[in-house]
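Structure file coords-v9.cif with mmCIF, C-alpha atoms:
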```
data_entry
loop_
_atom_site.label_atom_id
_atom_site.label_comp_id
_atom_site.auth_asym_id
_atom_site.auth_seq_id
_atom_site.Cartn_x
_atom_site.Cartn_y
_atom_site.Cartn_z
CA MET A 1 0.00 0.00 0.00
CA ARG A 2 2.82 2.36 0.88
CA LYS A 3 4.52 1.70 -2.48
CA ILE A 4 1.26 2.42 -4.28
CA LEU A 5 0.86 5.68 -2.36
CA VAL A 6 4.44 6.72 -3.12
CA GLY A 7 3.89 5.86 -6.77
CA VAL A 8 0.70 7.92 -6.95
CA VAL A 9 2.43 10.89 -5.30
CA ALA A 10 5.34 10.57 -7.72
CA ILE A 11 2.99 10.56 -10.72
CA VAL A 12 1.16 13.63 -9.41
CA VAL A 13 4.45 15.48 -8.88
CA VAL A 14 5.59 14.62 -12.38
CA LEU A 15 2.29 15.80 -13.87
CA ILE A 16 2.57 19.09 -11.99
CA VAL A 17 6.26 19.79 -12.52
CA VAL A 18 7.06 18.44 -15.97
CA PRO A 19 4.48 20.24 -18.21
CA PRO A 20 5.63 23.79 -17.26
CA ILE A 21 9.24 22.77 -17.90
CA LEU A 22 8.42 21.25 -21.27
CA SER A 23 6.31 24.27 -22.11
CA ARG A 24 9.36 26.55 -22.06
CA PHE A 25 11.24 24.38 -24.53
CA LEU A 26 8.36 23.37 -26.80
CA GLY A 27 6.62 26.75 -27.03
CA TRP A 28 3.36 25.62 -25.47
CA GLY A 29 3.03 28.72 -23.32
CA PRO A 30 1.76 32.22 -24.14
CA ASP A 31 3.42 34.02 -27.03
CA GLU A 32 4.13 37.64 -26.04
CA SER A 33 4.48 38.60 -29.71
CA ALA A 34 0.71 37.99 -30.06
CA ILE A 35 0.01 41.07 -27.91
CA PRO A 36 -0.87 44.06 -30.16
CA PRO A 37 1.20 47.27 -29.92
CA PRO A 38 0.34 49.59 -27.02
CA GLY A 39 -1.53 52.85 -27.31
CA ARG A 40 -0.49 55.68 -25.02
CA LEU A 41 -0.48 55.77 -21.24
CA VAL A 42 -2.90 58.33 -19.82
CA GLU A 43 -2.56 59.11 -16.11
CA LEU A 44 -5.72 59.63 -14.09
CA ALA A 45 -6.06 62.04 -11.19
CA GLY A 46 -6.09 59.04 -8.82
CA GLY A 47 -2.68 57.90 -10.06
CA HIS A 48 -3.52 54.89 -12.23
CA ARG A 49 -2.32 54.92 -15.83
CA LEU A 50 -4.55 53.55 -18.57
CA ASN A 51 -3.46 52.17 -21.93
CA VAL A 52 -5.58 54.22 -24.32
CA LEU A 53 -6.10 53.87 -28.06
CA GLU A 54 -7.72 56.57 -30.12
CA THR A 55 -8.72 57.34 -33.68
CA GLY A 56 -10.73 59.96 -35.54
CA SER A 57 -12.04 63.35 -34.49
CA GLY A 58 -15.37 64.86 -33.58
CA PRO A 59 -17.88 64.02 -30.82
CA ALA A 60 -16.47 61.26 -28.63
CA ILE A 61 -17.54 57.62 -28.43
CA VAL A 62 -15.82 55.69 -25.64
CA LEU A 63 -15.74 51.88 -25.65
CA VAL A 64 -15.47 49.91 -22.37
CA HIS A 65 -14.54 46.21 -22.54
CA GLY A 66 -15.80 43.34 -20.41
CA LEU A 67 -14.53 40.81 -17.88
CA PRO A 68 -11.70 39.96 -18.25
CA GLY A 69 -10.99 41.30 -21.75
CA SER A 70 -8.88 44.17 -23.04
CA ALA A 71 -9.09 47.14 -25.37
CA TYR A 72 -7.99 44.90 -28.23
CA ASP A 73 -11.20 42.85 -28.03
CA TRP A 74 -13.06 45.68 -29.78
CA ARG A 75 -11.30 45.41 -33.12
CA PRO A 76 -12.47 45.91 -35.87
CA LEU A 77 -15.35 48.07 -34.54
CA PRO A 78 -13.36 51.29 -33.79
CA GLU A 79 -12.27 51.63 -37.42
CA ARG A 80 -15.89 51.24 -38.54
CA LEU A 81 -17.06 53.89 -36.07
CA GLU A 82 -14.36 56.36 -37.13
CA ARG A 83 -16.05 56.66 -40.52
CA GLY A 84 -18.89 58.50 -38.81
CA ALA A 85 -16.68 61.57 -38.14
CA ARG A 86 -16.32 60.65 -34.49
CA ARG A 87 -13.49 60.55 -31.98
CA ILE A 88 -13.26 56.90 -30.91
CA VAL A 89 -11.54 56.05 -27.62
CA TRP A 90 -11.03 52.55 -26.26
CA TYR A 91 -8.81 51.45 -23.39
CA ASP A 92 -7.65 48.68 -21.08
CA ARG A 93 -9.54 48.85 -17.81
CA VAL A 94 -7.35 48.95 -14.69
CA GLY A 95 -5.95 45.47 -14.11
CA TYR A 96 -5.90 44.35 -17.75
CA GLY A 97 -3.75 44.65 -20.85
CA ARG A 98 -1.11 47.34 -20.57
CA SER A 99 -2.89 49.46 -17.94
CA ASP A 100 -1.81 49.65 -14.29
CA ARG A 101 -2.91 47.08 -11.70
CA ARG A 102 -4.85 47.76 -8.50
CA GLY A 103 -3.39 47.57 -5.04
CA GLU A 104 -4.77 44.87 -2.75
CA ASP A 105 -6.51 47.48 -0.61
CA GLU A 106 -8.37 48.99 -3.59
CA ALA A 107 -11.91 48.20 -4.67
CA PHE A 108 -12.41 45.73 -7.54
CA THR A 109 -15.92 46.99 -8.30
CA LEU A 110 -18.14 48.42 -11.02
CA GLU A 111 -18.13 51.72 -9.12
CA ALA A 112 -14.32 51.90 -9.11
CA ASN A 113 -14.28 51.25 -12.84
CA ALA A 114 -16.97 53.88 -13.42
CA LEU A 115 -14.95 56.50 -11.52
CA GLU A 116 -11.89 55.63 -13.59
CA LEU A 117 -13.93 55.98 -16.79
CA LEU A 118 -15.09 59.44 -15.72
CA GLY A 119 -11.50 60.25 -14.75
CA LEU A 120 -10.39 59.25 -18.24
CA LEU A 121 -12.90 61.68 -19.76
CA ASP A 122 -11.38 64.40 -17.59
CA ALA A 123 -7.82 63.46 -18.57
CA LEU A 124 -8.69 63.51 -22.28
CA GLY A 125 -10.62 66.78 -22.05
CA ILE A 126 -13.92 65.16 -23.04
CA ASP A 127 -16.90 66.98 -21.53
CA ARG A 128 -19.58 64.59 -22.81
CA ALA A 129 -19.45 61.30 -24.68
CA THR A 130 -21.48 58.41 -25.97
CA LEU A 131 -20.49 55.47 -23.77
CA VAL A 132 -20.53 51.94 -25.19
CA GLY A 133 -20.20 49.12 -22.65
CA TRP A 134 -19.82 45.45 -23.52
CA SER A 135 -20.74 42.70 -21.01
CA TYR A 136 -19.22 43.73 -17.62
CA GLY A 137 -18.31 47.00 -19.33
CA GLY A 138 -22.03 47.57 -19.74
CA GLY A 139 -22.32 47.60 -15.96
CA VAL A 140 -19.43 50.08 -15.80
CA VAL A 141 -21.09 52.57 -18.17
CA GLN A 142 -24.42 52.17 -16.38
CA ARG A 143 -22.75 53.18 -13.12
CA ALA A 144 -20.97 56.09 -14.84
CA ALA A 145 -24.24 57.35 -16.34
CA LEU A 146 -26.01 57.07 -12.99
CA ARG A 147 -23.22 58.95 -11.21
CA ALA A 148 -22.67 61.67 -13.84
CA PRO A 149 -25.54 61.81 -16.36
CA HIS A 150 -24.42 65.27 -17.50
CA ARG A 151 -21.24 63.64 -18.91
CA VAL A 152 -23.14 61.11 -21.04
CA THR A 153 -24.92 62.04 -24.28
CA ARG A 154 -26.02 58.49 -25.11
CA LEU A 155 -25.55 55.02 -23.65
CA VAL A 156 -25.08 51.80 -25.64
CA LEU A 157 -25.19 48.42 -23.87
CA VAL A 158 -23.80 45.48 -25.88
CA GLY A 159 -24.44 42.01 -24.42
CA SER A 160 -24.52 43.84 -21.13
CA ILE A 161 -25.03 42.57 -17.62
CA GLY A 162 -28.04 44.00 -15.82
CA PRO A 163 -30.21 43.71 -12.71
CA SER A 164 -31.62 40.36 -13.84
CA SER A 165 -28.16 38.79 -14.34
CA GLU A 166 -27.45 35.92 -12.00
CA PRO A 167 -24.20 34.83 -10.31
CA ASP A 168 -22.46 31.86 -11.88
CA ALA A 169 -23.36 28.62 -10.11
CA LEU A 170 -20.08 26.67 -10.26
CA SER A 171 -19.70 22.97 -9.54
CA TRP A 172 -16.87 21.80 -7.31
CA ALA A 173 -14.90 20.82 -10.43
CA GLU A 174 -15.39 24.30 -11.95
CA ARG A 175 -14.38 25.93 -8.67
CA LEU A 176 -11.21 23.82 -8.74
CA LEU A 177 -10.47 24.89 -12.32
CA HIS A 178 -11.01 28.53 -11.32
CA SER A 179 -8.71 28.33 -8.29
CA ALA A 180 -5.58 30.47 -8.39
CA PRO A 181 -3.04 27.57 -8.16
CA VAL A 182 -4.69 25.64 -11.01
CA GLN A 183 -4.93 28.72 -13.22
CA ARG A 184 -1.28 29.63 -12.59
CA TRP A 185 -0.24 26.05 -13.40
CA GLY A 186 -2.38 26.03 -16.54
CA LEU A 187 -0.71 29.19 -17.85
CA ALA A 188 2.76 27.86 -17.04
CA ALA A 189 2.01 24.52 -18.71
CA GLY A 190 0.50 26.25 -21.75
CA LEU A 191 -1.68 23.54 -23.24
CA PRO A 192 -4.22 23.32 -20.36
CA ALA A 193 -4.78 27.09 -20.42
CA ARG A 194 -5.08 27.09 -24.19
CA ALA A 195 -7.63 24.26 -24.11
CA ARG A 196 -9.67 25.96 -21.38
CA LEU A 197 -9.59 29.26 -23.24
CA ARG A 198 -10.84 27.64 -26.43
CA GLN A 199 -13.68 26.07 -24.43
CA ILE A 200 -14.72 29.44 -23.00
CA SER A 201 -14.28 31.16 -26.37
CA ALA A 202 -16.51 28.56 -28.05
CA LEU A 203 -19.27 29.54 -25.61
CA ALA A 204 -18.65 33.24 -26.22
CA PHE A 205 -18.68 32.93 -30.04
CA GLY A 206 -21.39 30.27 -30.13
CA SER A 207 -19.14 27.51 -31.52
CA ALA A 208 -15.47 26.56 -31.82
CA GLU A 209 -15.64 27.11 -35.59
CA ALA A 210 -16.63 30.76 -35.06
CA ILE A 211 -13.48 31.64 -33.08
CA PRO A 212 -11.42 34.03 -35.27
CA PRO A 213 -7.84 33.10 -36.24
CA GLY A 214 -5.34 34.39 -33.71
CA TRP A 215 -7.98 35.08 -31.04
CA THR A 216 -6.84 32.31 -28.68
CA GLU A 217 -3.15 33.25 -28.88
CA GLN A 218 -3.79 36.97 -28.35
CA THR A 219 -6.14 36.41 -25.42
CA LEU A 220 -3.80 33.86 -23.80
CA ALA A 221 -0.87 36.27 -24.10
CA LEU A 222 -2.86 39.17 -22.61
CA MET A 223 -4.17 37.03 -19.74
CA SER A 224 -0.62 35.90 -18.94
CA LEU A 225 0.45 39.48 -18.17
CA PRO A 226 1.07 39.91 -14.43
CA GLY A 227 -2.07 40.74 -12.48
CA SER A 228 -4.63 40.01 -15.20
CA ILE A 229 -5.97 36.75 -13.78
CA HIS A 230 -5.85 38.20 -10.26
CA THR A 231 -8.05 41.13 -11.35
CA TRP A 232 -10.46 38.74 -13.06
CA ARG A 233 -10.68 36.62 -9.93
CA ARG A 234 -11.34 39.67 -7.75
CA GLU A 235 -13.87 41.45 -9.99
CA GLY A 236 -16.12 38.47 -10.76
CA PRO A 237 -16.73 37.22 -7.20
CA ARG A 238 -17.07 40.81 -5.94
CA LEU A 239 -19.85 41.44 -8.47
CA ASP A 240 -21.57 38.22 -7.39
CA ARG A 241 -21.38 39.25 -3.72
CA ASP A 242 -22.56 42.82 -4.21
CA GLY A 243 -25.46 41.66 -6.35
CA PHE A 244 -26.50 42.81 -9.79
CA ASP A 245 -29.35 44.80 -8.27
CA GLN A 246 -26.80 47.54 -7.53
CA LEU A 247 -27.49 48.49 -11.14
CA HIS A 248 -30.43 50.82 -10.54
CA VAL A 249 -31.18 51.25 -14.23
CA GLU A 250 -34.69 52.48 -13.53
CA ASP A 251 -33.02 55.75 -12.51
CA LEU A 252 -31.24 56.19 -15.85
CA ARG A 253 -32.42 59.24 -17.77
CA VAL A 254 -29.90 58.96 -20.59
CA PRO A 255 -31.13 57.76 -24.03
CA THR A 256 -30.02 54.14 -24.22
CA LEU A 257 -29.61 51.56 -26.97
CA VAL A 258 -29.57 47.93 -25.84
CA ILE A 259 -27.95 45.53 -28.33
CA HIS A 260 -28.03 41.82 -27.58
CA GLY A 261 -27.48 38.57 -29.45
CA SER A 262 -30.45 36.21 -29.54
CA ASP A 263 -28.06 33.26 -29.03
CA ASP A 264 -25.82 34.82 -26.36
CA LEU A 265 -24.69 31.92 -24.14
CA LEU A 266 -22.83 34.06 -21.58
CA VAL A 267 -25.37 36.83 -20.87
CA PRO A 268 -28.84 35.45 -21.76
CA PRO A 269 -31.05 37.53 -24.08
CA ARG A 270 -33.61 37.93 -21.29
CA VAL A 271 -31.08 40.23 -19.53
CA GLY A 272 -31.10 42.59 -22.52
CA GLU A 273 -34.88 42.45 -22.73
CA ASP A 274 -35.10 43.23 -19.01
CA LEU A 275 -32.75 46.20 -19.39
CA HIS A 276 -34.93 47.58 -22.18
CA GLY A 277 -38.04 47.10 -20.04
CA ARG A 278 -36.52 48.91 -17.06
CA ILE A 279 -34.88 51.86 -18.85
CA ALA A 280 -37.52 54.39 -19.82
CA ARG A 281 -35.67 56.00 -22.74
CA SER A 282 -34.35 52.88 -24.42
CA ASP A 283 -34.38 51.04 -27.74
CA LEU A 284 -33.68 47.32 -28.15
CA LEU A 285 -31.85 45.67 -31.04
CA MET A 286 -31.94 41.87 -30.77
CA VAL A 287 -29.47 40.44 -33.31
CA PRO A 288 -30.78 37.14 -34.76
CA GLN A 289 -28.39 34.24 -34.10
CA GLY A 290 -25.97 36.70 -32.52
CA SER A 291 -23.50 35.49 -29.89
CA HIS A 292 -21.87 37.38 -27.02
CA MET A 293 -19.14 38.63 -29.36
CA LEU A 294 -21.17 41.01 -31.54
CA PRO A 295 -18.46 43.72 -31.84
CA ILE A 296 -16.27 41.14 -33.56
CA THR A 297 -18.86 39.13 -35.49
CA HIS A 298 -21.15 42.03 -36.52
CA PRO A 299 -18.97 45.18 -36.60
CA ASP A 300 -20.74 46.80 -39.55
CA LEU A 301 -24.20 46.31 -38.07
CA LEU A 302 -23.09 47.66 -34.69
CA ALA A 303 -21.25 50.62 -36.21
CA ASP A 304 -24.28 51.62 -38.29
CA ARG A 305 -26.69 51.41 -35.36
CA ILE A 306 -24.35 53.08 -32.85
CA LEU A 307 -23.55 55.98 -35.19
CA SER A 308 -27.22 56.45 -36.10
CA PHE A 309 -28.12 56.43 -32.41
CA ALA A 310 -25.27 58.79 -31.49
CA ARG A 311 -26.49 61.27 -34.11
CA GLY A 312 -29.86 61.32 -32.41
CA ALA A 313 -31.82 59.53 -35.10
CA PRO A 314 -35.50 59.06 -34.19
CA ARG A 315 -36.12 56.25 -31.74
CA SER A 316 -38.04 53.22 -32.84
CA PRO A 317 -41.65 53.09 -31.64
#
```
Can the structure in the file be given as structure tokens, please?
Amino acid sequence: MRKILVGVVAIVVVLIVVPPILSRFLGWGPDESAIPPPGRLVELAGGHRLNVLETGSGPAIVLVHGLPGSAYDWRPLPERLERGARRIVWYDRVGYGRSDRRGEDEAFTLEANALELLGLLDALGIDRATLVGWSYGGGVVQRAALRAPHRVTRLVLVGSIGPSSEPDALSWAERLLHSAPVQRWGLAAGLPARARLRQISALAFGSAEAIPPGWTEQTLALMSLPGSIHTWRREGPRLDRDGFDQLHVEDLRVPTLVIHGSDDLLVPPRVGEDLHGRIARSDLLMVPQGSHMLPITHPDLLADRILSFARGAPRSP
């Protein structure tokens, strides 16, 4: 029995130690060259620096990515929006991409992100802007619009979380996979993290076949940057604890466009429908067979509707 136990322990040690070592020699791990070039660092009044990308000129449209995500998830939408004679700004939220990380004593909350978004408007000299939030970023722009409605001309919520969103109910196996030691080992070993990322991406895009070329490598490289997974682990559970009902969207008085995919597997369509029902001045665009990744899969459709909405085109009945 003792020999069996020693053998089992030895096998476990080998499985834990060997893959990360092989990964370095065989190139299984993240490829830093897959990370797109940086934008420019913009320092906020609170001290954090954000990696900001910008194009075009005119009235501002600011894009806020989800959880975890990065500014680079938005491509190719910014280039489509620029054609509408607009100033397009998109950035890495604190904790992701090339932006600064939070200190352990700081808040990993929607409210903290909303304050940083408003701080970015100040730093860029933008008095008012159309805010576009995707997924968790939708919660961020909702909080920003509730806190400072005079800074927001229009609000666009893409596959956004809302009051009717529900916390993820994870099995014990999923909790194990989401634990910090397992995630660190998966990144170091390379192949486990890549396989897990493809599984999550298949849900996000609706199928494995719909994942764009290069998406997995870019996302893996960005998530391997120091602090990215830690921020993800802190923001998600904090949102679950605080409750989605902190999003008091009934109090929004900003014209709002809700865009949701009918086949979104990450944020169910009913969440978008509920947002539309709760927000008095809102329109709803339900994209047939659309997944959670509409800015990537339907950039022309989104650009047309966002620009039309930003110009103040008549609302649908």
Which residues are close to A:Leu63, i.e. within 8 Å by all atoms listed in the file, leaving aside same-chain residues fewer than 4 positions away? Reply as a compact mmCIF listing (two decimals) with C-alpha atoms, keeping the file's coordinate frame.
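Contents of selection-v1.txt, as written:
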```
# COMPACT_ATOMS: atom_id res chain seq x y z
CA TRP A 74 -13.06 45.68 -29.78
CA ILE A 88 -13.26 56.90 -30.91
CA VAL A 89 -11.54 56.05 -27.62
CA TRP A 90 -11.03 52.55 -26.26
CA TYR A 91 -8.81 51.45 -23.39
CA LEU A 131 -20.49 55.47 -23.77
CA VAL A 132 -20.53 51.94 -25.19
CA GLY A 133 -20.20 49.12 -22.65
CA TRP A 134 -19.82 45.45 -23.52
```
Exercise for the section: Just say which residues the PyMOL selection byres ((chain A and resi 38) around 9) picks in this file, as a count of residues only. Expected result: 11
Handout entry: Residues within 12 Å of (-19.4, 39.5, -29.9), file coords, all atoms listed in the file, listed as a ChimeraX atom specification
Key = /A:65-66,69,73-77,134-135,158-160,201-206,210-212,259-267,287,289-299,301-302
Practice task
For the structure shown, which residues end up in the PyMOL selection byres ((chain A and resi 47) around 12)? Put them as a VMD selection string, please?
Solution key: chain A and resid 41 to 46 48 to 50 94 99 to 103 116 119 to 120 123
Exercise for the section: Grab the atom CA of A:Ile161 to atom CA of A:Leu275 distance for me, in Å with one decimal place. Expected result: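 If I compute the distance from atom CA of A:Ile161 to atom CA of A:Leu275, I get 8.7 Å.
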Problem - Which residue of A:Ala195, A:Leu157, A:Leu307, A:Leu67 approaches A:Gly272 most closely, using all atoms listed in the file - result: A:Leu157
Exercise for the section: Work out how far atom CA of A:Val152 is from atom CA of A:Ala129, in Å to one decimal. Expected result: 5.2 Å
Fill in the blank from the handout: Residue with the minimum atom-to-atom distance to A:Val271, picked from A:Gly139, A:Pro163, A:Pro255, A:Pro59 with only C-alpha atoms counted, is A:Pro163
Practice task
To one decimal in Å, tell me the separation between atom CA of A:Val156 and atom CA of A:Ile306.
Solution key: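 Going from atom CA of A:Val156 over to atom CA of A:Ile306 covers 7.4 Å.
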Problem - the PyMOL selection byres ((chain A and resi 232) around 10) applied to the shown file, residues as a list in words - result: Leu67, Pro68, Gly69, Gly95, Tyr96, Phe108, Met223, Gly227, Ser228, Ile229, His230, Thr231, Arg233, Arg234, Glu235, Gly236, Pro237 and Arg238 of chain A
Handout entry: Using only C-alpha atoms: which of A:Pro226, A:Ser207, A:Gly162, A:Val64 has the shortest distance to A:Arg278
Key =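 Comparing A:Pro226, A:Ser207, A:Gly162, A:Val64 against A:Arg278, the winner is A:Gly162.
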Problem - Top pick for closest residue to A:Val254, considering A:Leu118, A:Ile279, A:Ala208, A:Ala303 and counting all atoms listed in the file - result: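 Looking only at the distances to A:Val254, the closest residue turns out to be A:Ile279.
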